[in-house]
file query-v4.csv (CSV, C-alpha atoms)
chain,number,residue,atom,x,y,z
A,1,MET,CA,53.5,-2.3,72.4
A,2,SER,CA,49.7,-3.0,72.1
A,3,SER,CA,47.1,-2.2,74.6
A,4,ILE,CA,43.5,-3.4,74.9
A,5,ASP,CA,40.6,-1.4,76.3
A,6,GLU,CA,40.5,-2.5,80.0
A,7,GLU,CA,36.7,-2.6,80.2
A,8,GLN,CA,36.4,-4.7,77.1
A,9,ALA,CA,39.3,-6.9,78.2
A,10,ALA,CA,37.4,-7.7,81.4
A,11,LEU,CA,34.2,-8.2,79.5
A,12,TYR,CA,35.6,-10.8,77.1
A,13,SER,CA,38.1,-12.4,79.6
A,14,GLY,CA,35.8,-15.4,80.2
A,15,ALA,CA,33.8,-15.7,77.0
A,16,PRO,CA,34.7,-16.1,73.4
A,17,LEU,CA,33.8,-13.3,70.9
A,18,GLN,CA,30.7,-14.0,69.0
A,19,VAL,CA,28.8,-12.7,66.1
A,20,GLY,CA,26.9,-9.6,67.2
A,21,ASP,CA,29.5,-8.6,69.8
A,22,GLU,CA,31.1,-5.2,69.6
A,23,VAL,CA,34.6,-5.7,68.3
A,24,PRO,CA,37.2,-5.0,71.0
A,25,ASN,CA,38.9,-1.6,70.9
A,26,PHE,CA,42.7,-1.6,71.1
A,27,THR,CA,45.6,0.7,70.5
A,28,ALA,CA,48.7,-0.8,68.8
A,29,ASP,CA,51.7,0.3,66.8
A,30,SER,CA,51.8,-0.8,63.1
A,31,HIS,CA,54.3,-0.4,60.3
A,32,LEU,CA,52.2,2.7,59.4
A,33,GLY,CA,52.2,4.1,62.9
A,34,MET,CA,50.2,4.0,66.1
A,35,ILE,CA,46.5,3.3,65.6
A,36,THR,CA,43.4,3.1,67.9
A,37,PHE,CA,41.2,0.6,66.2
A,38,HIS,CA,37.7,2.1,66.8
A,39,GLU,CA,38.9,5.5,65.8
A,40,VAL,CA,39.8,4.5,62.2
A,41,LEU,CA,36.8,2.4,61.4
A,42,ASP,CA,34.9,5.5,60.3
A,43,GLY,CA,31.5,3.8,60.0
A,44,GLN,CA,32.7,1.4,57.3
A,45,PHE,CA,32.9,-2.4,57.1
A,46,SER,CA,36.3,-3.7,58.0
A,47,VAL,CA,38.3,-7.0,57.9
A,48,LEU,CA,40.9,-7.9,60.5
A,49,VAL,CA,43.2,-10.8,59.7
A,50,THR,CA,45.5,-12.2,62.4
A,51,PHE,CA,48.7,-14.2,62.3
A,52,PRO,CA,50.6,-16.0,65.1
A,53,ASN,CA,53.9,-14.5,63.9
A,54,ASP,CA,55.9,-13.2,61.0
A,55,PHE,CA,58.1,-14.9,58.4
A,56,GLU,CA,55.7,-17.8,57.6
A,57,ALA,CA,55.3,-19.0,54.0
A,58,VAL,CA,51.5,-19.5,54.2
A,59,ALA,CA,51.0,-16.1,55.9
A,60,THR,CA,53.2,-14.5,53.2
A,61,THR,CA,50.8,-15.6,50.5
A,62,GLU,CA,47.8,-14.5,52.5
A,63,LEU,CA,49.1,-11.0,52.9
A,64,GLY,CA,49.9,-11.0,49.2
A,65,ALA,CA,46.5,-12.2,48.3
A,66,LEU,CA,44.9,-9.5,50.4
A,67,ALA,CA,47.0,-6.8,48.8
A,68,LYS,CA,46.1,-7.9,45.3
A,69,LEU,CA,42.4,-7.9,46.2
A,70,LYS,CA,42.5,-4.5,47.9
A,71,GLU,CA,40.7,-2.8,45.0
A,72,GLU,CA,37.8,-5.4,45.4
A,73,PHE,CA,37.6,-4.5,49.1
A,74,ASP,CA,37.8,-0.8,48.3
A,75,ALA,CA,34.9,-1.1,45.9
A,76,ARG,CA,32.8,-2.5,48.7
A,77,ASN,CA,34.0,0.4,51.0
A,78,VAL,CA,35.8,-2.1,53.3
A,79,LYS,CA,39.0,-1.3,55.3
A,80,LEU,CA,41.7,-3.9,55.7
A,81,PHE,CA,43.8,-4.5,58.8
A,82,ALA,CA,46.2,-7.3,59.8
A,83,LEU,CA,47.8,-8.2,63.1
A,84,SER,CA,50.7,-10.4,64.1
A,85,ALA,CA,52.3,-11.1,67.5
A,86,ASP,CA,55.7,-9.8,66.5
A,87,THR,CA,57.7,-6.5,66.6
A,88,LYS,CA,57.3,-3.5,64.4
A,89,GLY,CA,60.9,-4.0,63.2
A,90,ASN,CA,60.2,-7.6,62.2
A,91,HIS,CA,57.0,-6.5,60.5
A,92,LYS,CA,58.9,-4.1,58.3
A,93,LYS,CA,61.4,-6.7,57.3
A,94,TRP,CA,58.7,-9.3,56.7
A,95,LEU,CA,56.6,-7.0,54.6
A,96,GLU,CA,59.6,-6.2,52.4
A,97,ASP,CA,59.9,-10.0,51.7
A,98,VAL,CA,56.1,-10.2,51.2
A,99,GLU,CA,56.2,-7.5,48.5
A,100,GLU,CA,59.2,-9.1,46.8
A,101,LEU,CA,57.9,-12.7,46.9
A,102,GLN,CA,54.2,-11.8,46.1
A,103,ASP,CA,54.8,-8.9,43.7
A,104,CYS,CA,52.5,-6.6,45.6
A,105,LYS,CA,52.4,-3.5,47.8
A,106,ILE,CA,51.0,-3.6,51.4
A,107,THR,CA,49.1,-0.4,52.0
A,108,PHE,CA,47.0,-1.5,54.9
A,109,PRO,CA,48.2,-1.6,58.6
A,110,LEU,CA,49.9,-4.6,60.1
A,111,PHE,CA,49.6,-4.3,63.9
A,112,ALA,CA,52.4,-5.3,66.2
A,113,ASP,CA,50.8,-7.2,69.0
A,114,VAL,CA,54.2,-7.6,70.8
A,115,ASP,CA,52.8,-8.7,74.2
A,116,GLY,CA,49.9,-10.7,72.8
A,117,SER,CA,47.3,-8.6,74.7
A,118,VAL,CA,45.1,-8.1,71.6
A,119,SER,CA,45.4,-11.8,70.5
A,120,ARG,CA,44.4,-12.8,74.1
A,121,VAL,CA,41.1,-10.9,73.8
A,122,PHE,CA,40.4,-12.4,70.4
A,123,GLY,CA,40.8,-15.9,72.0
A,124,LEU,CA,44.1,-16.8,70.4
A,125,VAL,CA,46.1,-17.3,73.6
A,126,ARG,CA,46.0,-20.6,75.5
A,127,PRO,CA,44.0,-20.4,78.7
A,128,GLY,CA,45.9,-19.8,81.9
A,129,THR,CA,48.7,-17.9,80.3
A,130,VAL,CA,50.0,-15.2,82.7
A,131,GLY,CA,51.9,-12.1,81.7
A,132,ASN,CA,53.3,-11.7,78.2
A,133,ALA,CA,51.1,-13.9,76.0
A,134,SER,CA,53.0,-13.6,72.7
A,135,LYS,CA,54.8,-16.9,73.2
A,136,SER,CA,51.5,-18.8,74.0
A,137,ILE,CA,49.5,-17.8,70.9
A,138,ILE,CA,47.9,-20.8,69.3
A,139,SER,CA,49.0,-21.8,65.7
A,140,ALA,CA,45.9,-20.3,64.1
A,141,GLY,CA,44.7,-17.1,62.5
A,142,LEU,CA,41.3,-15.3,62.6
A,143,ILE,CA,39.3,-13.5,60.0
A,144,VAL,CA,37.0,-11.0,61.6
A,145,ILE,CA,34.5,-8.9,59.6
A,146,VAL,CA,33.1,-5.9,61.4
A,147,ASP,CA,30.1,-3.9,60.3
A,148,ILE,CA,29.4,-0.1,60.2
A,149,ASP,CA,28.3,-0.2,63.9
A,150,LYS,CA,31.6,-1.9,65.0
A,151,ARG,CA,29.7,-5.2,65.5
A,152,ILE,CA,31.3,-8.5,64.6
A,153,ARG,CA,29.3,-10.1,61.7
A,154,PHE,CA,31.7,-12.9,60.9
A,155,ILE,CA,34.5,-14.6,62.8
A,156,SER,CA,36.4,-17.7,61.8
A,157,GLN,CA,39.5,-19.4,62.9
A,158,TYR,CA,41.9,-21.2,60.5
A,159,PRO,CA,44.9,-23.4,61.2
A,160,SER,CA,48.1,-21.7,60.2
A,161,THR,CA,48.8,-24.6,57.8
A,162,THR,CA,45.8,-23.7,55.6
A,163,GLY,CA,45.9,-20.6,53.5
A,164,ARG,CA,42.7,-18.5,53.7
A,165,ASN,CA,40.4,-17.9,50.8
A,166,PHE,CA,39.8,-14.2,50.5
A,167,TYR,CA,37.3,-14.6,47.6
A,168,GLU,CA,35.1,-16.3,50.2
A,169,VAL,CA,35.6,-13.2,52.5
A,170,LEU,CA,34.4,-11.0,49.6
A,171,ARG,CA,31.4,-13.3,49.1
A,172,VAL,CA,30.5,-13.1,52.8
A,173,ILE,CA,30.8,-9.3,52.7
A,174,ASP,CA,28.5,-9.1,49.7
A,175,THR,CA,25.9,-11.1,51.6
A,176,LEU,CA,26.3,-9.0,54.8
A,177,GLN,CA,26.0,-5.7,53.0
A,178,LEU,CA,22.9,-6.9,51.1
A,179,THR,CA,21.3,-8.2,54.3
A,180,LEU,CA,22.1,-4.9,56.1
A,181,PHE,CA,19.5,-3.1,53.9
A,182,HIS,CA,17.2,-5.9,52.8
A,183,SER,CA,15.4,-8.7,54.6
A,184,VAL,CA,17.1,-11.4,52.6
A,185,CYS,CA,19.4,-14.3,53.2
A,186,ALA,CA,21.9,-16.1,50.9
A,187,PRO,CA,21.7,-19.8,50.1
A,188,ALA,CA,24.7,-22.2,50.0
A,189,ASN,CA,27.4,-21.2,47.5
A,190,TRP,CA,25.6,-18.0,46.6
A,191,GLN,CA,27.4,-15.6,44.3
A,192,GLN,CA,26.7,-12.0,43.2
A,193,GLY,CA,23.6,-11.8,41.0
A,194,GLU,CA,22.0,-15.0,42.0
A,195,GLU,CA,18.6,-15.5,43.7
A,196,MET,CA,18.2,-15.1,47.4
A,197,PHE,CA,15.6,-16.0,50.1
A,198,VAL,CA,13.1,-13.7,51.8
A,199,ARG,CA,13.8,-14.0,55.5
A,200,ASN,CA,11.3,-16.0,57.6
A,201,ASP,CA,10.6,-13.0,59.9
A,202,VAL,CA,9.0,-11.2,57.0
A,203,SER,CA,5.3,-12.0,56.3
A,204,SER,CA,4.2,-12.6,52.8
A,205,VAL,CA,1.9,-9.6,53.0
A,206,ALA,CA,4.8,-7.4,54.0
A,207,ALA,CA,7.1,-8.9,51.4
A,208,GLN,CA,4.8,-7.8,48.6
A,209,SER,CA,5.7,-4.2,49.3
A,210,MET,CA,9.3,-4.8,50.4
A,211,PHE,CA,10.4,-6.7,47.3
A,212,PRO,CA,9.5,-4.8,44.1
A,213,LYS,CA,11.2,-7.5,42.0
A,214,GLY,CA,8.7,-10.0,43.4
A,215,PHE,CA,9.3,-13.4,45.1
A,216,HIS,CA,8.3,-17.0,44.5
A,217,PRO,CA,6.9,-18.9,47.5
A,218,ILE,CA,7.7,-22.6,46.9
A,219,LYS,CA,6.8,-23.1,50.6
A,220,GLU,CA,5.7,-20.5,53.2
A,221,TRP,CA,9.2,-20.6,54.6
A,222,PHE,CA,11.1,-21.1,51.3
A,223,ARG,CA,10.5,-17.9,49.3
A,224,ILE,CA,12.9,-17.1,46.4
A,225,THR,CA,13.5,-13.5,45.3
A,226,PRO,CA,16.0,-11.9,42.8
A,227,GLN,CA,19.0,-10.2,44.4
A,228,PRO,CA,18.2,-6.7,45.6
A,229,ASP,CA,20.3,-3.8,44.5
A,230,THR,CA,23.3,-3.1,46.7
A,231,LYS,CA,23.4,0.3,48.5
A,232,MET,CA,26.9,0.3,49.9

call {"tool": "encode", "arguments": {"input": "query-v4.csv", "output": "structure tokens"}}
result
Amino acid sequence: MSSIDEEQAALYSGAPLQVGDEVPNFTADSHLGMITFHEVLDGQFSVLVTFPNDFEAVATTELGALAKLKEEFDARNVKLFALSADTKGNHKKWLEDVEELQDCKITFPLFADVDGSVSRVFGLVRPGTVGNASKSIISAGLIVIVDIDKRIRFISQYPSTTGRNFYEVLRVIDTLQLTLFHSVCAPANWQQGEEMFVRNDVSSVAAQSMFPKGFHPIKEWFRITPQPDTKM
């Protein structure tokens, strides 16, 4: 069984989760044992990936992709978590198949949201569903990126027919970690090592001391600067 913090369940019952919200706390069993989400975040960035159910081909490749990229997430000090509205027993059987089919090892928790209570708070259950929500979960999955203060910094919903691109998740994490310590923002299709922008809430006078590598003001609101050094 899974359980959601009652105060947070009430808080988010009528509104979708948004960037800047505290990620809901919940306690759920996983194939690695019972876990209370907030207690294991440990002031690190984390990624939560959700699935409607087990034994799906696309989801199998997604778990495999995550497992194969775990060293990349570790290098960024990011914890991985997955959640599916299925039983712990089915999780164990499915993960055996995932490891066989994807030639990988799943070492991060897969939560068993048997009654759909966690999925409900994350907006994955159809409105008006009463009681056990596991049969009313929409055919979609979330990627949620949580920062060191347990705040949601990225949330995106994907149809279950479209496999998620976890290289993009790494790219987003790179930008989030840079912007946590530096007043910069990333342009479209930005990649590690490329130039960034000075944020518009920083005056050019202040930017002179804040950006030792300098910046190039093409317009007052369009100021290019080399990528700052990462501190994570």

call {"tool": "atom_distance", "arguments": {"input": "query-v4.csv", "atom1": "CA of Thr36 in chain A", "atom2": "CA of Pro109 in chain A"}}
result
11.5 Å

call {"tool": "closest_residue", "arguments": {"input": "query-v4.csv", "among": "A:Asp201, A:Ala206, A:Trp190, A:Ser156", "to": "Val19 in chain A", "atoms": "all atoms listed in the file"}}
result
A:Ser156

call {"tool": "closest_atom_pairs", "arguments": {"input": "query-v4.csv", "of": "range 50-95 of chain A", "to": "range 101-105 of chain A", "cutoff": "9 Å", "atoms": "all atoms listed in the file", "output": "tab-separated table"}}
result
residue	atom	partner	partner_atom	distance
A:Thr60	CA	A:Gln102	CA	7.7
A:Thr61	CA	A:Gln102	CA	6.7
A:Leu63	CA	A:Gln102	CA	8.5
A:Gly64	CA	A:Gln102	CA	5.4
A:Ala65	CA	A:Gln102	CA	8.0
A:Ala67	CA	A:Cys104	CA	6.4
A:Lys68	CA	A:Cys104	CA	6.5
A:Leu95	CA	A:Lys105	CA	8.7

call {"tool": "residues_around", "arguments": {"input": "query-v4.csv", "residues": "Leu124 in chain A", "least_positions_apart": "5", "cutoff": "7 Å", "atoms": "all atoms listed in the file", "output": "ChimeraX atom specification"}}
result
/A:119,137-138

call {"tool": "closest_residue", "arguments": {"input": "query-v4.csv", "among": "A:Gly141, A:Pro187, A:Pro159, A:Gly33", "to": "Val172 in chain A", "atoms": "only C-alpha atoms"}}
result
A:Pro187

call {"tool": "closest_residue", "arguments": {"input": "query-v4.csv", "among": "A:Phe81, A:Phe197, A:Phe122, A:Phe211", "to": "Phe45 in chain A", "atoms": "only C-alpha atoms"}}
result
A:Phe81

call {"tool": "atom_distance", "arguments": {"input": "query-v4.csv", "atom1": "CA of Asp86 in chain A", "atom2": "CA of Phe73 in chain A"}}
result
25.7 Å

call {"tool": "closest_residue", "arguments": {"input": "query-v4.csv", "among": "A:Glu72, A:Glu62, A:Glu194, A:Asp147", "to": "Gly163 in chain A", "atoms": "all atoms listed in the file"}}
result
A:Glu62

call {"tool": "closest_residue", "arguments": {"input": "query-v4.csv", "among": "A:Leu170, A:Val98, A:Leu142, A:Val125", "to": "Lys70 in chain A", "atoms": "only C-alpha atoms"}}
result
A:Leu170

call {"tool": "atom_distance", "arguments": {"input": "query-v4.csv", "atom1": "CA of Gln44 in chain A", "atom2": "CA of Val78 in chain A"}}
result
6.2 Å

call {"tool": "residues_around", "arguments": {"input": "query-v4.csv", "residues": "Met210 in chain A", "least_positions_apart": "4", "cutoff": "10 Å", "atoms": "all atoms listed in the file", "output": "count of residues only"}}
result
8

call {"tool": "residues_near_point", "arguments": {"input": "query-v4.csv", "point": "(32.1, -10.5, 48.3)", "cutoff": "9 Å", "atoms": "only C-alpha atoms", "output": "list in words"}}
result
Glu72, Phe73, Arg76, Phe166, Tyr167, Glu168, Val169, Leu170, Arg171, Val172, Ile173, Asp174, Thr175, Leu176, Gln191 and Gln192 of chain A

call {"tool": "closest_residue", "arguments": {"input": "query-v4.csv", "among": "A:Leu66, A:Phe154, A:Asn165, A:Val184", "to": "Glu99 in chain A", "atoms": "all atoms listed in the file"}}
result
A:Leu66

call {"tool": "residues_around", "arguments": {"input": "query-v4.csv", "residues": "Phe215 in chain A", "least_positions_apart": "4", "cutoff": "7 Å", "atoms": "all atoms listed in the file", "output": "ChimeraX atom specification"}}
result
/A:223-225
